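S.K.: Quick one: the structure is below, and I'll ask about it shortly.
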4 protein chains.
Amino acid sequence: MQQSIERMTIRSDEDKKTLISRLNRIEGQIRGVANMVNEDRYCDDILIQLSAVDKSIKSLANLLLEKHMKSCVKERLNDGDDTILEEIVDLFKRFQ
Amino acid sequence: MQQSIERMTIRSDEDKKTLISRLNRIEGQIRGVANMVNEDRYCDDILIQLSAVDKSIKSLANLLLEKHMKSCVKERLNDGDDTILEEIVDLFKRFQ
Amino acid sequence: MQQSIERMTIRSDEDKKTLISRLNRIEGQIRGVANMVNEDRYCDDILIQLSAVDKSIKSLANLLLEKHMKSCVKERLNDGDDTILEEIVDLFKRFQ
Amino acid sequence: MQQSIERMTIRSDEDKKTLISRLNRIEGQIRGVANMVNEDRYCDDILIQLSAVDKSIKSLANLLLEKHMKSCVKERLNDGDDTILEEIVDLFKRFQ
């Protein structure tokens with residue numbers, strides 16, 4: 001996992017609550033899939049459910065990107081730090 | 001969630017173990033992302049980690065599809081049940 | 001480009017006509033994008049149009065896969081040739 | 001096709017040449033796929049070639065986005081126009 005230790009994004013309690021609740025829901029979906037495997041459920045049903053998890057993750061990524069754009073990206077460009085534009089292009093490729 | 005109650009896929013203990021261990025790892029990744037949110041980690045790092053979760057889910061879907069192909073799909077086609085071919089095309093679209 | 005010289009898929013005139021007309025439409029979309037570039041059109045509009053081309057290509061791939069499933073895949077499985085199942089899993093990964 | 005008539009992106013001759021040459025190559029790939037259809041080539045080979053076209057389009061989209069970021073996006077944010085951030089999030093979703 002790549003990381004930039006120095007950089008932080010301070011989040012409001014409300015933002016944290018929203019994000020954590022979305023992540024808890026995805027964790028629940030994953031546990032649901034594990035139950036389906038244990039109960040010998042039909043592969044196709046499990047794959048359909050996995051595609052739903054995939055959509056939840058992409059939807060959360062979109063939410064995070066939106067928040068990122070309106071806070072960090074704007075601030076850093078104002079500070080004259082253009083490397084953030086390359087970070088966005090890189091994210092674009094990762095989720096393509 | 002769509003499901004076909006009547007249909008089952010009986011899995012060997014080994015297959016179940018492999019699938020459940022992959023799902024547990026993904027659950028761990030999701031909890032890792034939640035920790036990053038709580039620790040005010042930089043958005044871009046969280047998004048990179050989310051793209052890794054996305055790749056894990058797709059890789060698990062590929063494994064499941066492979067097993068599905070070699071068991072259910074072959075059997076049902078042998079039984080003259082062609083609807084399974086439409087199921088595969090539908091999965092193809094869901095993960096595209 | 002990978003190819004298997006020996007293998008062919010004989011298509012009806014109607015099937016060819018449908019596929020070629022879809023491909024001509026995509027070619028037209030690409031030329032439309034080239035015109036937008038030459039006319040100094042706004043990047044975002046060009047990117048939106050490129051995403052439409054992407055959707056046309058995926059939609060054509062879905063149509064081809066459906067035809068492939070109902071002809072080649074069924075026949076080869078009937079002939080006891082299981083390698084086709086691996087081909088489908090490989091396609092699944094390529095379009096993911 | 002959505003468009004914003006008023007907005008333009010003035011491109012250098014070199015930039016236009018690069019983009020047009022990439023688009024010509026994609027057009028050639030599409031014509032190659034049409035030939036494969038006419039020559040009754042095996043479906044799987046055609047689908048593999050279509051996945052290559054898909055990759056070429058995404059790669060061109062990445063190049064365009066990079067140029068967009070370093071010109072239009074920076075300028076418009078400097079001008080205090082934040083709607084461009086929403087445009088980027090929208091593109092992110094379209095290519096996901």
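Chain identifiers are assigned as A, B, and so on, following the order in which chains appear in the structure tokens; residues are numbered from 1 within each chain, and ligands are numbered from 1 in order of appearance.
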Near chain C, which residues of chain A fall within 12 Å when you count only C-alpha atoms, and what do they look like as number ranges by chain?
M.R.: A: 51, 54, 95-96
S.K.: When you look at Ser56 in chain C with a cut-off of 9 Å (counting only C-alpha atoms), what residues show up, excluding the ones that are within fewer than 6 positions of it in the same chain? I need them as a list in words.
M.R.: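 Non-adjacent residues within range: Arg22, Arg25 and Ile26 of chain C.
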S.K.: So that I can see what lies close to range 9-19 of chain B, please list as a list in words the residues with an atom at most 8 Å from it, counting only C-alpha atoms and leaving out residues fewer than 5 positions away in the same chain.
M.R.: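 Listing them by chain and then by number gives Ala34, Val37, Asn38, Asp40, Arg41, Tyr42 and Cys43 of chain A; Leu60 and Cys72 of chain B.
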S.K.: Using only all heavy atoms, please write the residues we just selected to a file, as a tab-separated table (two decimals), in the first residue's frame.
M.R.:
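Dumped to again.tsv:
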```tsv
chain	number	residue	atom	x	y	z
A	34	ALA	N	-19.77	-14.36	2.30
A	34	ALA	CA	-19.14	-15.50	2.99
A	34	ALA	C	-20.21	-16.50	3.45
A	34	ALA	O	-20.05	-17.72	3.31
A	34	ALA	CB	-18.29	-15.02	4.17
A	37	VAL	N	-21.35	-18.57	0.56
A	37	VAL	CA	-20.38	-19.63	0.23
A	37	VAL	C	-20.59	-20.81	1.18
A	37	VAL	O	-20.69	-21.97	0.75
A	37	VAL	CB	-18.93	-19.11	0.33
A	37	VAL	CG1	-17.93	-20.25	0.24
A	37	VAL	CG2	-18.66	-18.07	-0.76
A	38	ASN	N	-20.70	-20.51	2.48
A	38	ASN	CA	-20.86	-21.58	3.48
A	38	ASN	C	-22.16	-22.36	3.31
A	38	ASN	O	-22.23	-23.55	3.62
A	38	ASN	CB	-20.80	-20.99	4.90
A	38	ASN	CG	-19.36	-20.82	5.36
A	38	ASN	OD1	-18.50	-21.63	5.01
A	38	ASN	ND2	-19.11	-19.76	6.12
A	40	ASP	N	-23.52	-23.14	0.56
A	40	ASP	CA	-23.53	-23.78	-0.77
A	40	ASP	C	-24.48	-23.12	-1.75
A	40	ASP	O	-25.09	-23.79	-2.60
A	40	ASP	CB	-23.88	-25.28	-0.65
A	40	ASP	CG	-22.71	-26.10	-0.13
A	40	ASP	OD1	-21.56	-25.74	-0.46
A	40	ASP	OD2	-22.94	-27.08	0.59
A	41	ARG	N	-24.59	-21.81	-1.64
A	41	ARG	CA	-25.47	-21.09	-2.58
A	41	ARG	C	-24.88	-21.12	-3.99
A	41	ARG	O	-23.66	-21.22	-4.17
A	41	ARG	CB	-25.65	-19.65	-2.11
A	41	ARG	CG	-26.46	-19.56	-0.81
A	41	ARG	CD	-27.94	-19.70	-1.07
A	41	ARG	NE	-28.40	-18.57	-1.85
A	41	ARG	CZ	-28.70	-17.38	-1.32
A	41	ARG	NH1	-28.63	-17.19	-0.02
A	41	ARG	NH2	-29.10	-16.41	-2.10
A	42	TYR	N	-25.78	-21.02	-4.96
A	42	TYR	CA	-25.44	-21.11	-6.38
A	42	TYR	C	-24.41	-20.03	-6.77
A	42	TYR	O	-24.57	-18.85	-6.47
A	42	TYR	CB	-26.73	-20.96	-7.19
A	42	TYR	CG	-26.58	-21.04	-8.67
A	42	TYR	CD1	-25.88	-22.08	-9.27
A	42	TYR	CD2	-27.15	-20.07	-9.50
A	42	TYR	CE1	-25.75	-22.15	-10.65
A	42	TYR	CE2	-27.03	-20.13	-10.87
A	42	TYR	CZ	-26.33	-21.17	-11.44
A	42	TYR	OH	-26.20	-21.24	-12.81
A	43	CYS	N	-23.34	-20.43	-7.49
A	43	CYS	CA	-22.24	-19.53	-7.88
A	43	CYS	C	-22.74	-18.23	-8.51
A	43	CYS	O	-22.23	-17.15	-8.22
A	43	CYS	CB	-21.35	-20.17	-8.94
A	43	CYS	SG	-20.57	-21.69	-8.50
B	60	LEU	N	-11.36	-12.18	-7.00
B	60	LEU	CA	-12.18	-13.25	-6.42
B	60	LEU	C	-13.31	-13.64	-7.38
B	60	LEU	O	-13.63	-14.83	-7.51
B	60	LEU	CB	-12.75	-12.77	-5.07
B	60	LEU	CG	-13.67	-13.76	-4.34
B	60	LEU	CD1	-12.94	-15.06	-4.03
B	60	LEU	CD2	-14.20	-13.14	-3.04
B	72	CYS	N	-20.78	-26.10	-12.65
B	72	CYS	CA	-22.20	-25.85	-13.00
B	72	CYS	C	-22.42	-25.70	-14.51
B	72	CYS	O	-23.33	-26.32	-15.07
B	72	CYS	CB	-22.74	-24.60	-12.32
B	72	CYS	SG	-22.16	-24.31	-10.66
```
S.K.: May I ask which of the residues C:Leu85, C:Leu63, C:Val53, C:Ile48 is the closest one to Arg31 in chain C, counting only C-alpha atoms?
M.R.: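 For Arg31 in chain C, the nearest of the given residues is C:Val53.
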S.K.: How would you write, as a PyMOL selection string, the set of residues in chain C that DSSP gives as helix (DSSP H, G or I)?
M.R.: chain C and resi 13-38+43-78+83-94
